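Q: The file below is query-v3.pdb, PDB, C-alpha atoms:
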```
ATOM      1  CA  MET J   1     -12.532  18.914   5.405
ATOM      2  CA  SER J   2     -13.240  16.146   7.899
ATOM      3  CA  LEU J   3     -10.543  15.416  10.447
ATOM      4  CA  ALA J   4     -11.916  11.953  11.203
ATOM      5  CA  PRO J   5      -9.298   9.254  11.760
ATOM      6  CA  LEU J   6      -8.097   7.629   8.544
ATOM      7  CA  THR J   7      -7.985   4.129  10.083
ATOM      8  CA  GLN J   8      -9.099   2.132  13.086
ATOM      9  CA  ALA J   9      -5.466   1.613  14.128
ATOM     10  CA  PRO J  10      -4.819   1.507  17.855
ATOM     11  CA  THR J  11      -2.230   3.727  19.496
ATOM     12  CA  LEU J  12       0.697   1.794  20.930
ATOM     13  CA  GLU J  13       3.479   3.154  23.081
ATOM     14  CA  SER J  14       6.998   2.143  23.925
ATOM     15  CA  GLN J  15       9.584   3.914  26.015
ATOM     16  CA  ARG J  16      10.424   6.603  23.437
ATOM     17  CA  LEU J  17       7.839   6.118  20.705
ATOM     18  CA  VAL J  18       4.165   6.263  19.852
ATOM     19  CA  LEU J  19       2.938   3.971  17.087
ATOM     20  CA  ARG J  20      -0.343   5.284  15.696
ATOM     21  CA  GLY J  21      -2.467   5.165  12.612
ATOM     22  CA  PRO J  22      -1.588   7.415   9.697
ATOM     23  CA  LYS J  23      -2.884  10.986   9.728
ATOM     24  CA  ARG J  24      -3.248  13.342   6.788
ATOM     25  CA  SER J  25      -0.246  15.289   8.101
ATOM     26  CA  ASP J  26       1.912  12.152   7.764
ATOM     27  CA  ALA J  27       1.576  12.154   3.984
ATOM     28  CA  GLU J  28       4.319  14.709   3.303
ATOM     29  CA  PRO J  29       7.076  13.103   5.439
ATOM     30  CA  LEU J  30       6.270   9.707   3.907
ATOM     31  CA  ILE J  31       6.177  11.105   0.370
ATOM     32  CA  ALA J  32       9.565  12.761   0.972
ATOM     33  CA  PHE J  33      10.996   9.403   2.063
ATOM     34  CA  LEU J  34       9.444   7.454  -0.814
ATOM     35  CA  CYS J  35      10.671   9.975  -3.411
ATOM     36  CA  ASP J  36      14.255   9.758  -2.138
ATOM     37  CA  LEU J  37      15.222   6.849  -4.378
ATOM     38  CA  GLU J  38      18.488   6.210  -2.579
ATOM     39  CA  ARG J  39      16.945   6.065   0.907
ATOM     40  CA  ALA J  40      13.836   4.177  -0.218
ATOM     41  CA  ALA J  41      15.693   1.649  -2.380
ATOM     42  CA  GLY J  42      15.160  -1.232   0.056
ATOM     43  CA  PHE J  43      11.497  -0.376   0.512
ATOM     44  CA  GLY J  44      10.369   0.578  -2.960
ATOM     45  CA  GLY J  45      10.687   4.216  -3.850
ATOM     46  CA  PHE J  46       8.985   6.308  -6.505
ATOM     47  CA  ASP J  47      10.314   8.833  -8.979
ATOM     48  CA  ASN J  48       7.229  11.054  -8.559
ATOM     49  CA  ARG J  49       5.110  12.306  -5.674
ATOM     50  CA  HIS J  50       1.850  11.086  -7.234
ATOM     51  CA  ASP J  51       2.789   7.411  -6.931
ATOM     52  CA  ALA J  52       4.153   8.063  -3.431
ATOM     53  CA  TRP J  53       0.846   9.699  -2.474
ATOM     54  CA  ARG J  54      -0.971   6.633  -3.812
ATOM     55  CA  TRP J  55       1.207   4.435  -1.570
ATOM     56  CA  PHE J  56       0.121   6.537   1.417
ATOM     57  CA  GLY J  57      -3.501   5.828   0.388
ATOM     58  CA  LEU J  58      -2.656   2.140  -0.069
ATOM     59  CA  ASN J  59      -1.528   1.956   3.549
ATOM     60  CA  VAL J  60      -4.779   3.572   4.732
ATOM     61  CA  GLY J  61      -6.766   1.059   2.666
ATOM     62  CA  HIS J  62      -4.610  -1.825   3.926
ATOM     63  CA  TRP J  63      -5.748  -1.006   7.483
ATOM     64  CA  HIS J  64      -9.391  -1.198   6.393
ATOM     65  CA  ILE J  65      -8.981  -4.459   4.476
ATOM     66  CA  HIS J  66      -6.820  -6.359   6.974
ATOM     67  CA  GLY J  67      -7.285  -4.556  10.293
ATOM     68  CA  TYR J  68      -3.536  -3.880  10.391
ATOM     69  CA  GLY J  69      -0.920  -2.016   8.386
ATOM     70  CA  TYR J  70       1.957   0.377   8.856
ATOM     71  CA  PHE J  71       1.814   2.578  11.928
ATOM     72  CA  THR J  72       3.376   6.009  11.858
ATOM     73  CA  ILE J  73       6.260   6.007  14.329
ATOM     74  CA  GLU J  74       6.112   9.229  16.305
ATOM     75  CA  ASP J  75       9.036  10.365  18.412
ATOM     76  CA  LYS J  76       7.678  11.193  21.888
ATOM     77  CA  ALA J  77      10.337  13.827  22.535
ATOM     78  CA  THR J  78       9.625  15.891  19.410
ATOM     79  CA  GLY J  79       6.195  14.717  18.230
ATOM     80  CA  LYS J  80       7.672  14.304  14.740
ATOM     81  CA  PRO J  81       7.080  11.304  12.469
ATOM     82  CA  ALA J  82      10.202   9.166  12.694
ATOM     83  CA  GLY J  83       9.207   6.453  10.220
ATOM     84  CA  ILE J  84       6.693   3.682   9.712
ATOM     85  CA  CYS J  85       6.498   0.185  11.134
ATOM     86  CA  GLY J  86       3.851  -2.491  11.195
ATOM     87  CA  ILE J  87       2.360  -5.565   9.629
ATOM     88  CA  TRP J  88       2.081  -5.640   5.840
ATOM     89  CA  ASN J  89       0.379  -8.221   3.654
ATOM     90  CA  PRO J  90      -0.800  -6.827   0.301
ATOM     91  CA  ASP J  91      -1.777  -8.998  -2.632
ATOM     92  CA  GLY J  92       1.206 -11.048  -3.784
ATOM     93  CA  TRP J  93       2.959 -11.238  -0.400
ATOM     94  CA  PRO J  94       3.797 -14.758   0.805
ATOM     95  CA  GLU J  95       2.404 -14.039   4.293
ATOM     96  CA  PRO J  96       2.178 -11.187   6.835
ATOM     97  CA  GLU J  97       5.411  -9.272   7.209
ATOM     98  CA  LEU J  98       6.822  -7.132   9.996
ATOM     99  CA  GLY J  99       8.326  -4.147   8.198
ATOM    100  CA  TRP J 100       9.985  -0.877   9.163
ATOM    101  CA  VAL J 101      11.393   2.317   7.703
ATOM    102  CA  VAL J 102      13.081   5.128   9.608
ATOM    103  CA  PHE J 103      13.088   8.658   8.223
ATOM    104  CA  ASP J 104      16.155  10.829   7.780
ATOM    105  CA  GLY J 105      17.468  12.118  11.105
ATOM    106  CA  PHE J 106      16.172   9.159  13.117
ATOM    107  CA  GLU J 107      18.569   6.449  11.948
ATOM    108  CA  GLY J 108      21.104   4.866  14.267
ATOM    109  CA  LYS J 109      19.071   5.635  17.391
ATOM    110  CA  GLY J 110      17.310   2.296  17.917
ATOM    111  CA  VAL J 111      13.978   3.643  16.635
ATOM    112  CA  ALA J 112      13.352   0.804  14.156
ATOM    113  CA  TYR J 113      14.258  -1.844  16.754
ATOM    114  CA  GLU J 114      12.018  -0.342  19.437
ATOM    115  CA  ALA J 115       9.115   0.126  17.005
ATOM    116  CA  ALA J 116       9.478  -3.386  15.555
ATOM    117  CA  LEU J 117       9.483  -4.974  19.013
ATOM    118  CA  ARG J 118       6.278  -3.127  19.916
ATOM    119  CA  ALA J 119       4.541  -3.854  16.593
ATOM    120  CA  ARG J 120       5.470  -7.552  16.806
ATOM    121  CA  GLU J 121       4.196  -7.737  20.382
ATOM    122  CA  TRP J 122       0.873  -6.232  19.233
ATOM    123  CA  ALA J 123       0.610  -8.636  16.295
ATOM    124  CA  TYR J 124       1.163 -11.612  18.571
ATOM    125  CA  SER J 125      -0.908 -10.504  21.561
ATOM    126  CA  ASP J 126      -3.773  -8.578  19.944
ATOM    127  CA  LEU J 127      -4.021 -10.047  16.446
ATOM    128  CA  GLY J 128      -3.192 -13.627  17.427
ATOM    129  CA  PHE J 129      -0.379 -14.143  14.925
ATOM    130  CA  THR J 130       1.902 -17.062  15.746
ATOM    131  CA  THR J 131       4.610 -16.157  13.247
ATOM    132  CA  LEU J 132       5.760 -13.218  11.136
ATOM    133  CA  THR J 133       8.331 -12.695   8.429
ATOM    134  CA  SER J 134      10.438  -9.768   7.320
ATOM    135  CA  ASN J 135      11.084  -9.551   3.588
ATOM    136  CA  ILE J 136      14.369  -7.822   2.818
ATOM    137  CA  VAL J 137      16.154  -7.033  -0.442
ATOM    138  CA  PRO J 138      19.530  -8.831  -0.473
ATOM    139  CA  ASP J 139      21.730  -5.715  -0.297
ATOM    140  CA  ASN J 140      19.904  -4.084   2.648
ATOM    141  CA  ALA J 141      22.506  -4.986   5.263
ATOM    142  CA  ARG J 142      21.014  -2.695   7.939
ATOM    143  CA  SER J 143      17.587  -4.362   7.754
ATOM    144  CA  ILE J 144      19.142  -7.824   7.735
ATOM    145  CA  LYS J 145      21.106  -6.917  10.870
ATOM    146  CA  LEU J 146      17.955  -5.563  12.535
ATOM    147  CA  ALA J 147      15.921  -8.664  11.619
ATOM    148  CA  GLU J 148      18.635 -10.837  13.154
ATOM    149  CA  ARG J 149      18.746  -8.627  16.270
ATOM    150  CA  LEU J 150      14.986  -9.223  16.566
ATOM    151  CA  GLY J 151      15.709 -12.966  16.491
ATOM    152  CA  ALA J 152      14.574 -13.576  12.917
ATOM    153  CA  THR J 153      16.469 -16.134  10.868
ATOM    154  CA  TYR J 154      16.927 -16.474   7.137
ATOM    155  CA  GLU J 155      14.465 -19.005   5.731
ATOM    156  CA  ARG J 156      14.534 -18.658   1.942
ATOM    157  CA  THR J 157      14.872 -16.416  -1.072
ATOM    158  CA  TYR J 158      11.742 -15.746  -3.110
ATOM    159  CA  HIS J 159      10.488 -13.434  -5.864
ATOM    160  CA  ASN J 160       8.651 -10.416  -4.428
ATOM    161  CA  VAL J 161       6.057  -9.061  -6.869
ATOM    162  CA  ASN J 162       7.256  -5.470  -6.237
ATOM    163  CA  MET J 163      10.910  -5.746  -5.317
ATOM    164  CA  GLY J 164      12.187  -8.776  -7.240
ATOM    165  CA  GLU J 165      14.518 -11.033  -5.281
ATOM    166  CA  ASP J 166      13.794 -10.864  -1.545
ATOM    167  CA  LEU J 167      15.158 -12.655   1.485
ATOM    168  CA  LEU J 168      12.479 -13.986   3.813
ATOM    169  CA  TYR J 169      13.461 -13.873   7.494
ATOM    170  CA  ARG J 170      11.262 -15.773   9.963
ATOM    171  CA  HIS J 171      10.615 -14.216  13.381
ATOM    172  CA  PRO J 172      10.497 -16.320  16.529
ATOM    173  CA  SER J 173       7.085 -17.462  17.703
ATOM    174  CA  PRO J 174       5.501 -15.710  20.698
ATOM    175  CA  ASP J 175       6.485 -18.680  22.886
ATOM    176  CA  ALA J 176      10.168 -18.214  22.036
ATOM    177  CA  LEU J 177      10.261 -14.606  23.276
ATOM    178  CA  ASP J 178      11.001 -13.195  26.713
ATOM    179  CA  SER J 179       8.394 -10.986  28.365
ATOM    180  CA  ASP J 180      10.131  -7.901  26.891
ATOM    181  CA  GLY J 181       9.791  -9.262  23.345
ATOM    182  CA  SER J 182      13.462 -10.164  22.995
ATOM    183  CA  VAL J 183      14.663 -13.615  22.093
ATOM    184  CA  GLU J 184      15.144 -16.003  24.973
ATOM    185  CA  ALA J 185      18.729 -17.006  25.628
ATOM    186  CA  TYR J 186      19.080 -20.762  25.390
ATOM    187  CA  ALA J 187      21.877 -22.477  27.255
TER     188      ALA J 187
END
```
Any chance you could give the structure as structure tokens?
A:
Amino acid sequence: MSLAPLTQAPTLESQRLVLRGPKRSDAEPLIAFLCDLERAAGFGGFDNRHDAWRWFGLNVGHWHIHGYGYFTIEDKATGKPAGICGIWNPDGWPEPELGWVVFDGFEGKGVAYEAALRAREWAYSDLGFTTLTSNIVPDNARSIKLAERLGATYERTYHNVNMGEDLLYRHPSPDALDSDGSVEAYA
């Protein structure tokens, strides 16, 4: 079996994390997350591993079609996959979205925030995006709080082709961010 990279994704680093393209070994942790219907409810879970495996393949294909997708978040301290984060824009999406998921055992540690800051920085600096959204199901309070911490503001409710009702949060433009990617404080 070939061990060639699955995507052309770059490797990005932050203080505690590595964001990299998906590897074959990432399939099982992602499938475990996607098949946990309670944990994956705000992302779109599956009741069988076969559909979850197909989603893993969808992410690989997304990288080839768009030149971006979900990175695997790797914890530098352990080398373990901690979640996924990146830019997502499959057919039916209103526009490119900054999305994140943190796997069991990595929640409440700032992993999603740190990964989202780094992925957004890459999208703005390397891909040339001038805006991004985050699409969040209405009852996902943790993701809403994180989007707001990232400086995103509620713009509208729309019908997501996969999730039904979704809240669209708009991220600040690159010009509205400090050099560390946080939102500028206005007096």
Q: Looking at only C-alpha atoms, which of J:Trp100, J:Trp63, J:Phe129, J:Trp55 is the one that sits closest to J:Ile84?
A: J:Trp100
Q: Which is closest to J:Glu155 among J:Ala4, J:Leu167, J:Leu17, J:Ala141, if we use only C-alpha atoms?
A: J:Leu167
Q: Leaving out stretch 144-146 of chain J and any residue of its chain fewer than 4 positions from it, which residues lie within 12 Å of it when counting all atoms listed in the file, given as a ChimeraX atom specification?
A: /J:42,98-101,108,110-117,133-140,150-154,166-171
Q: Specify the axis-aligned box that encloses all atoms of stretch 19-32 of chain J listed in the file after padding of 5 Å on each side, stating its centre and edge lengths in Å to one decimal as lines of an AutoDock Vina configuration file.
A:
```
center_x = 3.2
center_y = 9.6
center_z = 8.7
size_x = 22.8
size_y = 21.3
size_z = 26.7
```
Q: Between J:Thr11, J:Gly83, J:Ser173, J:Glu107, which one has atoms that come closest to J:Gly128, using all atoms listed in the file?
A: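 For J:Gly128, the nearest of the given residues is J:Ser173.
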Q: Kindly give the distance, in Å, that separates atom CA of J:Pro172 and atom CA of J:Phe71, rounded to a single decimal.
A: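 A separation of 21.3 Å between them.
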Q: Which residues, written as a VMD selection string, have at least one atom at most 12 Å from J:Ala27, with only C-alpha atoms counted and residues fewer than 4 positions away on the same chain left out?
A: chain J and resid 6 21 to 23 31 to 35 49 to 60 72 81 83 to 84
Q: Which value, in Å to one decimal, gives the distance between atom CA of J:Pro96 and atom CA of J:Arg142?
A: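 Separating atom CA of J:Pro96 from atom CA of J:Arg142 is a distance of 20.7 Å.
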Q: Which one is closest to J:Phe103: J:Lys80, J:Arg120, J:Arg156, J:Arg149? Count all atoms listed in the file.
A: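 For J:Phe103, the nearest of the given residues is J:Lys80.
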Q: Which is closer to J:Leu132 than all the others in J:Phe106, J:Ala77, J:Glu95, J:Ala119, using only C-alpha atoms?
A: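 Closest candidate: J:Glu95.
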Q: What does the distance between atom CA of J:Ala147 and atom CA of J:Gly69 come to in Å, to one decimal place?
A: 18.4 Å
Q: Point out the residue among J:Arg20, J:Asn48, J:Asp26, J:Gly92 with the least atom-to-atom distance to J:Asn162, counting all atoms listed in the file.
A: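 Among the listed residues, the smallest separation from J:Asn162 belongs to J:Gly92.
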Q: I'd like the contact shell of J:His66 - 12 Å cut-off, only C-alpha atoms, skipping same-chain residues fewer than 5 positions apart - returned as a ChimeraX atom specification.
A: /J:7-9,58-61,87-91,96,127
Q: Take the residues that were just selected and, keeping C-alpha atoms, output them as a PDB file, keeping the file's coordinate frame.
A:
```pdb
ATOM      1  CA  THR J   7      -7.985   4.129  10.083  1.00  0.00           C
ATOM      2  CA  GLN J   8      -9.099   2.132  13.086  1.00  0.00           C
ATOM      3  CA  ALA J   9      -5.466   1.613  14.128  1.00  0.00           C
ATOM      4  CA  LEU J  58      -2.656   2.140  -0.069  1.00  0.00           C
ATOM      5  CA  ASN J  59      -1.528   1.956   3.549  1.00  0.00           C
ATOM      6  CA  VAL J  60      -4.779   3.572   4.732  1.00  0.00           C
ATOM      7  CA  GLY J  61      -6.766   1.059   2.666  1.00  0.00           C
ATOM      8  CA  ILE J  87       2.360  -5.565   9.629  1.00  0.00           C
ATOM      9  CA  TRP J  88       2.081  -5.640   5.840  1.00  0.00           C
ATOM     10  CA  ASN J  89       0.379  -8.221   3.654  1.00  0.00           C
ATOM     11  CA  PRO J  90      -0.800  -6.827   0.301  1.00  0.00           C
ATOM     12  CA  ASP J  91      -1.777  -8.998  -2.632  1.00  0.00           C
ATOM     13  CA  PRO J  96       2.178 -11.187   6.835  1.00  0.00           C
ATOM     14  CA  LEU J 127      -4.021 -10.047  16.446  1.00  0.00           C
TER      15      LEU J 127
END
```
